[in-house]
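The data block below is work_21.cif; it holds mmCIF, C-alpha atoms.
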data_query
#
loop_
_atom_site.label_atom_id
_atom_site.label_comp_id
_atom_site.auth_asym_id
_atom_site.auth_seq_id
_atom_site.Cartn_x
_atom_site.Cartn_y
_atom_site.Cartn_z
CA GLY A 13 63.19 261.85 91.22
CA ALA A 14 66.28 261.72 93.47
CA VAL A 15 65.01 264.06 96.17
CA VAL A 16 66.75 264.45 99.51
CA SER A 17 65.06 266.23 102.39
CA GLN A 18 66.40 267.59 105.65
CA HIS A 19 64.56 268.41 108.83
CA PRO A 20 64.53 270.88 110.37
CA SER A 21 65.52 273.58 107.91
CA ARG A 22 66.43 275.92 110.76
CA VAL A 23 67.04 275.28 114.44
CA ILE A 24 68.07 277.45 117.33
CA CYS A 25 69.27 275.79 120.50
CA LYS A 26 70.90 276.84 123.73
CA SER A 27 74.53 276.17 124.46
CA GLY A 28 75.01 272.78 126.09
CA THR A 29 71.98 271.12 124.59
CA SER A 30 71.90 268.54 121.80
CA VAL A 31 70.14 268.82 118.48
CA LYS A 32 69.28 266.17 115.92
CA ILE A 33 69.11 266.76 112.17
CA GLU A 34 67.42 264.26 109.87
CA CYS A 35 68.32 263.49 106.29
CA ARG A 36 65.97 261.42 104.17
CA SER A 37 66.10 260.12 100.62
CA LEU A 38 62.48 260.38 99.50
CA ASP A 39 62.33 258.34 96.33
CA PHE A 40 65.41 256.14 96.32
CA GLN A 41 67.45 253.97 98.61
CA ALA A 42 70.72 255.52 99.66
CA THR A 43 73.60 253.12 100.07
CA THR A 44 75.75 255.90 101.41
CA MET A 45 75.02 259.24 103.00
CA PHE A 46 77.38 262.13 103.57
CA TRP A 47 77.33 265.05 105.99
CA TYR A 48 78.91 268.37 105.14
CA ARG A 49 79.42 271.57 107.07
CA GLN A 50 79.50 274.96 105.45
CA PHE A 51 80.67 278.11 107.18
CA PRO A 52 79.42 281.47 105.91
CA LYS A 53 80.76 282.32 102.50
CA GLN A 54 82.91 279.20 102.44
CA SER A 55 82.95 275.86 100.74
CA LEU A 56 81.49 272.58 101.90
CA MET A 57 83.68 270.49 104.13
CA LEU A 58 82.96 266.78 104.34
CA MET A 59 82.43 265.74 107.93
CA ALA A 60 81.63 262.05 107.64
CA THR A 61 80.47 259.25 105.40
CA SER A 62 77.97 256.68 106.56
CA ASN A 63 76.75 253.40 105.14
CA GLU A 64 73.48 251.86 106.26
CA GLY A 65 74.00 249.64 109.26
CA SER A 66 77.66 250.56 109.67
CA LYS A 67 79.56 253.03 111.77
CA ALA A 68 80.26 256.35 110.14
CA THR A 69 83.70 257.22 108.85
CA TYR A 70 84.74 260.64 110.06
CA GLU A 71 87.12 263.01 108.32
CA GLN A 72 90.28 264.06 110.06
CA GLY A 73 89.65 266.72 112.65
CA VAL A 74 85.94 265.99 113.11
CA GLU A 75 85.01 265.01 116.66
CA LYS A 76 83.05 261.80 116.42
CA ASP A 77 81.78 262.13 119.99
CA LYS A 78 80.38 265.57 119.26
CA PHE A 79 78.85 264.81 115.89
CA LEU A 80 77.01 261.52 116.21
CA ILE A 81 75.85 260.01 112.94
CA ASN A 82 73.35 257.20 112.66
CA HIS A 83 72.35 255.57 109.39
CA ALA A 84 69.58 253.29 110.56
CA SER A 85 67.92 252.60 107.22
CA LEU A 86 68.48 253.02 103.50
CA THR A 87 66.43 256.21 103.53
CA LEU A 88 67.34 257.90 106.80
CA SER A 89 70.50 259.27 108.37
CA THR A 90 70.69 261.52 111.41
CA LEU A 91 73.33 263.89 112.67
CA THR A 92 73.22 264.74 116.36
CA VAL A 93 75.28 267.66 117.57
CA THR A 94 75.90 266.93 121.23
CA SER A 95 76.54 269.59 123.87
CA ALA A 96 76.34 272.25 121.21
CA HIS A 97 78.34 275.45 121.53
CA PRO A 98 78.19 278.69 119.55
CA GLU A 99 81.15 277.61 117.42
CA ASP A 100 79.02 274.71 116.17
CA SER A 101 76.68 277.20 114.53
CA SER A 102 76.82 276.49 110.83
CA PHE A 103 74.94 275.27 107.77
CA TYR A 104 74.81 271.49 107.68
CA ILE A 105 74.10 269.75 104.37
CA CYS A 106 73.57 266.07 103.81
CA SER A 107 73.78 264.15 100.58
CA ALA A 108 72.73 260.67 99.62
CA ARG A 109 74.23 258.35 97.03
CA GLU A 110 71.87 256.09 95.19
CA GLY A 111 74.33 253.58 93.78
CA VAL A 112 78.08 253.21 93.84
CA LYS A 113 78.90 255.91 91.32
CA VAL A 114 79.96 259.17 92.90
CA TYR A 115 77.86 261.19 90.46
CA GLU A 116 74.72 259.51 91.76
CA GLN A 117 74.94 261.75 94.85
CA TYR A 118 72.10 264.13 95.60
CA PHE A 119 72.11 266.98 98.10
CA GLY A 120 69.59 268.04 100.67
CA PRO A 121 68.48 271.66 101.17
CA GLY A 122 70.55 272.14 104.31
CA THR A 123 69.88 272.91 107.98
CA ARG A 124 70.89 276.20 109.57
CA LEU A 125 71.97 275.59 113.17
CA THR A 126 72.33 278.53 115.52
CA VAL A 127 73.59 277.92 119.04
CA THR A 128 72.96 280.75 121.49
CA ALA B 26 94.82 263.51 96.17
CA GLN B 27 92.27 265.60 94.34
CA SER B 28 91.70 269.33 94.52
CA VAL B 29 90.07 272.14 92.60
CA THR B 30 90.97 275.79 92.34
CA GLN B 31 88.34 278.29 91.38
CA LEU B 32 89.79 281.52 90.06
CA GLY B 33 87.95 284.51 91.41
CA SER B 34 85.82 284.44 94.52
CA HIS B 35 83.52 287.03 92.94
CA VAL B 36 82.65 287.54 89.30
CA SER B 37 80.39 290.27 87.97
CA VAL B 38 78.87 290.28 84.51
CA SER B 39 76.20 292.38 82.88
CA GLU B 40 72.84 290.86 82.09
CA GLY B 41 73.04 289.36 78.63
CA ALA B 42 76.82 289.06 78.67
CA LEU B 43 78.91 285.91 78.60
CA VAL B 44 79.41 284.10 81.90
CA LEU B 45 82.81 282.45 82.40
CA LEU B 46 83.67 280.83 85.73
CA ARG B 47 87.10 279.26 85.89
CA CYS B 48 88.06 275.98 87.50
CA ASN B 49 91.31 274.07 87.43
CA TYR B 50 91.63 270.63 88.93
CA SER B 51 94.30 268.32 90.20
CA SER B 52 93.82 264.59 90.21
CA SER B 53 96.10 261.56 90.25
CA VAL B 54 93.53 259.52 88.33
CA PRO B 55 91.05 260.38 85.56
CA PRO B 56 88.54 262.50 87.42
CA TYR B 57 84.87 263.08 87.54
CA LEU B 58 84.19 266.82 87.51
CA PHE B 59 81.11 268.72 88.57
CA TRP B 60 79.63 272.18 88.74
CA TYR B 61 77.02 272.90 91.40
CA VAL B 62 74.97 276.02 92.07
CA GLN B 63 73.82 277.19 95.49
CA TYR B 64 71.20 279.85 96.08
CA PRO B 65 71.16 281.62 99.47
CA ASN B 66 70.31 279.33 102.38
CA GLN B 67 69.72 276.39 100.08
CA GLY B 68 71.48 273.15 99.28
CA LEU B 69 73.39 272.35 96.14
CA GLN B 70 71.93 271.77 92.73
CA LEU B 71 73.94 269.89 90.14
CA LEU B 72 74.42 271.96 86.99
CA LEU B 73 76.44 269.45 85.01
CA LYS B 74 78.98 266.68 85.32
CA TYR B 75 81.85 265.21 83.33
CA THR B 76 82.22 261.46 83.57
CA SER B 77 84.68 260.78 80.74
CA ALA B 78 82.25 260.77 77.87
CA ALA B 79 82.03 263.91 75.72
CA THR B 80 84.47 266.64 76.73
CA LEU B 81 81.88 269.36 76.15
CA VAL B 82 79.18 268.90 78.72
CA LYS B 83 75.83 270.63 78.57
CA GLY B 84 73.89 271.23 81.73
CA ILE B 85 70.75 272.85 82.98
CA ASN B 86 69.78 276.51 82.60
CA GLY B 87 71.94 276.96 79.49
CA PHE B 88 75.26 276.27 81.19
CA GLU B 89 78.02 274.18 79.68
CA ALA B 90 81.58 273.26 80.53
CA GLU B 91 84.50 271.86 78.61
CA PHE B 92 86.95 269.34 80.00
CA LYS B 93 90.47 270.16 78.83
CA LYS B 94 92.93 267.57 80.06
CA SER B 95 95.98 269.41 78.69
CA GLU B 96 95.03 272.48 80.69
CA THR B 97 93.54 270.57 83.66
CA SER B 98 90.58 272.90 83.37
CA PHE B 99 86.82 272.62 83.53
CA HIS B 100 85.52 276.16 83.02
CA LEU B 101 81.81 276.89 83.19
CA THR B 102 80.19 279.11 80.57
CA LYS B 103 76.82 280.50 79.62
CA PRO B 104 76.36 282.65 76.50
CA SER B 105 73.93 285.16 78.01
CA ALA B 106 73.62 285.91 81.70
CA HIS B 107 70.24 286.26 83.33
CA MET B 108 69.46 287.94 86.62
CA SER B 109 68.34 284.59 88.02
CA ASP B 110 71.86 283.23 87.52
CA ALA B 111 73.12 285.24 90.50
CA ALA B 112 74.27 282.60 92.99
CA GLU B 113 77.30 280.77 94.37
CA TYR B 114 78.91 278.27 92.03
CA PHE B 115 81.08 275.39 93.16
CA CYS B 116 83.42 273.34 91.04
CA ALA B 117 84.11 269.87 92.41
CA VAL B 118 86.25 266.85 91.63
CA SER B 119 86.10 263.19 92.51
CA ALA B 120 88.52 260.33 91.97
CA ARG B 121 85.66 258.07 90.90
CA ASP B 122 83.61 256.20 93.50
CA ASP B 123 85.24 258.35 96.14
CA LYS B 124 84.48 261.57 97.95
CA ILE B 125 83.55 264.78 96.20
CA ILE B 126 86.00 267.59 96.90
CA PHE B 127 84.67 271.10 96.48
CA GLY B 128 86.37 274.30 95.47
CA LYS B 129 85.98 277.47 97.52
CA GLY B 130 83.21 278.75 95.31
CA THR B 131 82.63 281.75 93.06
CA ARG B 132 79.86 284.18 93.72
CA LEU B 133 78.32 285.36 90.45
CA HIS B 134 76.82 288.84 90.41
CA ILE B 135 74.62 289.95 87.53
CA LEU B 136 74.59 293.65 86.79
CA PRO B 137 71.42 295.14 85.28
#
Take the structure in the file and write it out as structure tokens.
Amino acid sequence: GAVVSQHPSRVICKSGTSVKIECRSLDFQATTMFWYRQFPKQSLMLMATSNEGSKATYEQGVEKDKFLINHASLTLSTLTVTSAHPEDSSFYICSAREGVKVYEQYFGPGTRLTVT
Amino acid sequence: AQSVTQLGSHVSVSEGALVLLRCNYSSSVPPYLFWYVQYPNQGLQLLLKYTSAATLVKGINGFEAEFKKSETSFHLTKPSAHMSDAAEYFCAVSARDDKIIFGKGTRLHILP
């Protein structure tokens, strides 16, 4: 149980285009979903927290107009990178929290975004 | 505010030897503590977690960690390293029902 999927696993897009990444909780309802960014050989940095039906809460320094997060249902959250540039290339990981306890958070397999 | 410091960005051990990955935390409230493992180009897998029950926590794949409040430490150990243990390991802390803050990670290399 407690499986989180991401789609796509890898995506290459041209500079200036937008790309959408999906995060789904497959066998549980996620009250909260999180989006992280991981640069090569570095740690995960929390980008934003989203609750179903509410606007996402972005961490300091994260451009909310560039990284659009939608949490339309209890099993689906999407991250859209708008007008992508090469510096947006990174590994994006989502996680989903089943209840209110922080240790009930499960991570997806990640999406490798490359902007050319 | 919470933070974790992982000592050593790279650790090498011989196959069959003891694995010790060090983590010290800082938290203004009693913390939850975690160890995650990440294989190349994959997401995170939870190895074990401390949630204020037993101070010695056993996890998957033979790993365990001990919460030592006096030392603000949560070191990860495994008695005998296996080649399949080669990966990136992240220590993390949370102030309960809040965000998870990750350390910078330690890459574990297993020498044949």
Residue nearest Leu58 (chain B) - candidates B:Thr76, B:Ser34, B:Gln27, B:Thr131, atoms counted: only C-alpha atoms: B:Thr76
Residue nearest chain B among A:Gly111, A:Pro52, A:Gly122, A:Pro98 (counting all atoms listed in the file): A:Gly122
Quick one: residues within 10 Å of (81.9, 263.2, 81.5) (file frame), counting only C-alpha atoms, please, as a PDB file with C-alpha atoms, in the coordinates of the input.
ATOM      1  CA  PRO B  56      88.540 262.500  87.420  1.00  0.00           C
ATOM      2  CA  TYR B  57      84.870 263.080  87.540  1.00  0.00           C
ATOM      3  CA  LEU B  58      84.190 266.820  87.510  1.00  0.00           C
ATOM      4  CA  PHE B  59      81.110 268.720  88.570  1.00  0.00           C
ATOM      5  CA  LEU B  73      76.440 269.450  85.010  1.00  0.00           C
ATOM      6  CA  LYS B  74      78.980 266.680  85.320  1.00  0.00           C
ATOM      7  CA  TYR B  75      81.850 265.210  83.330  1.00  0.00           C
ATOM      8  CA  THR B  76      82.220 261.460  83.570  1.00  0.00           C
ATOM      9  CA  SER B  77      84.680 260.780  80.740  1.00  0.00           C
ATOM     10  CA  ALA B  78      82.250 260.770  77.870  1.00  0.00           C
ATOM     11  CA  ALA B  79      82.030 263.910  75.720  1.00  0.00           C
ATOM     12  CA  THR B  80      84.470 266.640  76.730  1.00  0.00           C
ATOM     13  CA  LEU B  81      81.880 269.360  76.150  1.00  0.00           C
ATOM     14  CA  VAL B  82      79.180 268.900  78.720  1.00  0.00           C
ATOM     15  CA  GLU B  91      84.500 271.860  78.610  1.00  0.00           C
ATOM     16  CA  PHE B  92      86.950 269.340  80.000  1.00  0.00           C
TER      17      PHE B  92
END
Check every residue of chain A for an atom within 6 Å of chain B, counting only C-alpha atoms, and provide those that qualify as a short mmCIF file (atom, residue, chain, number, x, y, z; two decimals) with C-alpha atoms, keeping the file's coordinate frame.
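What ended up in result_34.cif:
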data_model
loop_
_atom_site.label_atom_id
_atom_site.label_comp_id
_atom_site.auth_asym_id
_atom_site.auth_seq_id
_atom_site.Cartn_x
_atom_site.Cartn_y
_atom_site.Cartn_z
CA SER A 55 82.95 275.86 100.74
CA LYS A 113 78.90 255.91 91.32
CA VAL A 114 79.96 259.17 92.90
CA PHE A 119 72.11 266.98 98.10
CA GLY A 120 69.59 268.04 100.67
CA PRO A 121 68.48 271.66 101.17
CA GLY A 122 70.55 272.14 104.31
#
Contact residues around Ala14 (chain A) with all atoms listed in the file at 9 Å, ignoring same-chain residues under 3 positions, as a PDB file with C-alpha atoms, keeping the file's coordinate frame:
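The resulting file, out.pdb, is reproduced below:
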ATOM      1  CA  SER A  37      66.100 260.120 100.620  1.00  0.00           C
ATOM      2  CA  LEU A  38      62.480 260.380  99.500  1.00  0.00           C
ATOM      3  CA  ASP A  39      62.330 258.340  96.330  1.00  0.00           C
ATOM      4  CA  PHE A  40      65.410 256.140  96.320  1.00  0.00           C
ATOM      5  CA  ALA A 108      72.730 260.670  99.620  1.00  0.00           C
ATOM      6  CA  GLU A 110      71.870 256.090  95.190  1.00  0.00           C
ATOM      7  CA  GLU A 116      74.720 259.510  91.760  1.00  0.00           C
ATOM      8  CA  GLN A 117      74.940 261.750  94.850  1.00  0.00           C
ATOM      9  CA  TYR A 118      72.100 264.130  95.600  1.00  0.00           C
TER      10      TYR A 118
END
Selection result for the PyMOL selection byres ((chain A and resi 79) around 9) on this file, as a ChimeraX atom specification: /A:59,74-78,80-81,91-94
Residues in the PyMOL selection byres ((chain B and resi 38-54) around 6), expressed as number ranges by chain: B: 27-32, 37, 55-56, 97-107, 135-137
Give the padded box for region 87-95 of chain B as JSON: axis-aligned, covering all atoms listed in the file, 8 Å on each side, centre and edge lengths in Å to one decimal.
{"center_x": 84.0, "center_y": 272.3, "center_z": 79.9, "size_x": 40.0, "size_y": 25.4, "size_z": 18.6}
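Atom pair CA of Ala90 (chain B) / CA of Gly33 (chain B) has a distance of 16.9 Å (rounded to one decimal).
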Picked residues, the PyMOL selection byres ((chain A and resi 100) around 12), as a ChimeraX atom specification: /A:24-31,49-51,74-75,78-79,92-99,101-104,124-128
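Relative to CA of Arg109 (chain A), CA of Gly73 (chain A) is found at 23.5 Å.
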Glu34 (chain A) environment, 8 Å, only C-alpha atoms, sequence neighbours closer than 6 positions dropped, as a PyMOL selection string: chain A and resi 18-20+88-91
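Separating CA of Gln54 (chain A) from CA of Gln72 (chain A) is a distance of 18.5 Å.
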Reconstructed region 106-126 of chain A, atom set N, CA, C and O atoms, as an mmCIF file, keeping the file's coordinate frame:
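Done, and the output landed in out02.cif:
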data_model
loop_
_atom_site.group_PDB
_atom_site.id
_atom_site.type_symbol
_atom_site.label_atom_id
_atom_site.label_comp_id
_atom_site.auth_asym_id
_atom_site.auth_seq_id
_atom_site.Cartn_x
_atom_site.Cartn_y
_atom_site.Cartn_z
ATOM 1 N N CYS A 106 73.349 267.502 104.017
ATOM 2 C CA CYS A 106 73.570 266.070 103.810
ATOM 3 C C CYS A 106 73.427 265.754 102.325
ATOM 4 O O CYS A 106 72.844 266.532 101.561
ATOM 5 N N SER A 107 73.989 264.650 101.938
ATOM 6 C CA SER A 107 73.780 264.150 100.580
ATOM 7 C C SER A 107 73.626 262.644 100.653
ATOM 8 O O SER A 107 74.072 262.004 101.616
ATOM 9 N N ALA A 108 72.990 262.101 99.653
ATOM 10 C CA ALA A 108 72.730 260.670 99.620
ATOM 11 C C ALA A 108 73.126 260.125 98.255
ATOM 12 O O ALA A 108 72.857 260.749 97.228
ATOM 13 N N ARG A 109 73.790 258.978 98.281
ATOM 14 C CA ARG A 109 74.230 258.350 97.030
ATOM 15 C C ARG A 109 73.348 257.147 96.744
ATOM 16 O O ARG A 109 73.192 256.267 97.601
ATOM 17 N N GLU A 110 72.824 257.132 95.537
ATOM 18 C CA GLU A 110 71.870 256.090 95.190
ATOM 19 C C GLU A 110 72.564 254.766 94.870
ATOM 20 O O GLU A 110 72.108 253.710 95.245
ATOM 21 N N GLY A 111 73.635 254.804 94.139
ATOM 22 C CA GLY A 111 74.330 253.580 93.780
ATOM 23 C C GLY A 111 75.767 253.638 94.269
ATOM 24 O O GLY A 111 76.034 254.134 95.362
ATOM 25 N N VAL A 112 76.668 253.194 93.459
ATOM 26 C CA VAL A 112 78.080 253.210 93.840
ATOM 27 C C VAL A 112 78.846 254.298 93.102
ATOM 28 O O VAL A 112 79.982 254.618 93.448
ATOM 29 N N LYS A 113 78.214 254.877 92.075
ATOM 30 C CA LYS A 113 78.900 255.910 91.320
ATOM 31 C C LYS A 113 78.807 257.240 92.062
ATOM 32 O O LYS A 113 77.738 257.627 92.533
ATOM 33 N N VAL A 114 79.923 257.948 92.119
ATOM 34 C CA VAL A 114 79.960 259.170 92.900
ATOM 35 C C VAL A 114 79.014 260.219 92.349
ATOM 36 O O VAL A 114 78.497 261.057 93.083
ATOM 37 N N TYR A 115 78.730 260.158 91.017
ATOM 38 C CA TYR A 115 77.860 261.190 90.460
ATOM 39 C C TYR A 115 76.387 260.887 90.697
ATOM 40 O O TYR A 115 75.525 261.654 90.297
ATOM 41 N N GLU A 116 76.096 259.806 91.387
ATOM 42 C CA GLU A 116 74.720 259.510 91.760
ATOM 43 C C GLU A 116 74.418 260.055 93.164
ATOM 44 O O GLU A 116 73.618 259.508 93.887
ATOM 45 N N GLN A 117 75.071 261.131 93.534
ATOM 46 C CA GLN A 117 74.940 261.750 94.850
ATOM 47 C C GLN A 117 74.047 262.974 94.744
ATOM 48 O O GLN A 117 74.254 263.814 93.877
ATOM 49 N N TYR A 118 73.068 263.048 95.647
ATOM 50 C CA TYR A 118 72.100 264.130 95.600
ATOM 51 C C TYR A 118 72.090 264.836 96.956
ATOM 52 O O TYR A 118 72.188 264.203 97.998
ATOM 53 N N PHE A 119 71.956 266.168 96.898
ATOM 54 C CA PHE A 119 72.110 266.980 98.100
ATOM 55 C C PHE A 119 70.778 267.421 98.662
ATOM 56 O O PHE A 119 69.835 267.720 97.931
ATOM 57 N N GLY A 120 70.740 267.504 99.992
ATOM 58 C CA GLY A 120 69.590 268.040 100.670
ATOM 59 C C GLY A 120 69.630 269.556 100.684
ATOM 60 O O GLY A 120 70.641 270.166 100.289
ATOM 61 N N PRO A 121 68.573 270.198 101.183
ATOM 62 C CA PRO A 121 68.480 271.660 101.170
ATOM 63 C C PRO A 121 69.256 272.335 102.289
ATOM 64 O O PRO A 121 69.388 273.547 102.303
ATOM 65 N N GLY A 122 69.756 271.549 103.244
ATOM 66 C CA GLY A 122 70.550 272.140 104.310
ATOM 67 C C GLY A 122 69.748 272.462 105.564
ATOM 68 O O GLY A 122 68.532 272.648 105.520
ATOM 69 N N THR A 123 70.454 272.530 106.682
ATOM 70 C CA THR A 123 69.880 272.910 107.980
ATOM 71 C C THR A 123 70.765 273.977 108.597
ATOM 72 O O THR A 123 71.977 273.779 108.755
ATOM 73 N N ARG A 124 70.148 275.093 108.926
ATOM 74 C CA ARG A 124 70.890 276.200 109.570
ATOM 75 C C ARG A 124 70.794 276.012 111.075
ATOM 76 O O ARG A 124 69.707 276.090 111.642
ATOM 77 N N LEU A 125 71.925 275.748 111.712
ATOM 78 C CA LEU A 125 71.970 275.590 113.170
ATOM 79 C C LEU A 125 72.569 276.835 113.792
ATOM 80 O O LEU A 125 73.667 277.264 113.428
ATOM 81 N N THR A 126 71.835 277.389 114.750
ATOM 82 C CA THR A 126 72.330 278.530 115.520
ATOM 83 C C THR A 126 72.320 278.158 116.985
ATOM 84 O O THR A 126 71.279 277.764 117.520
#
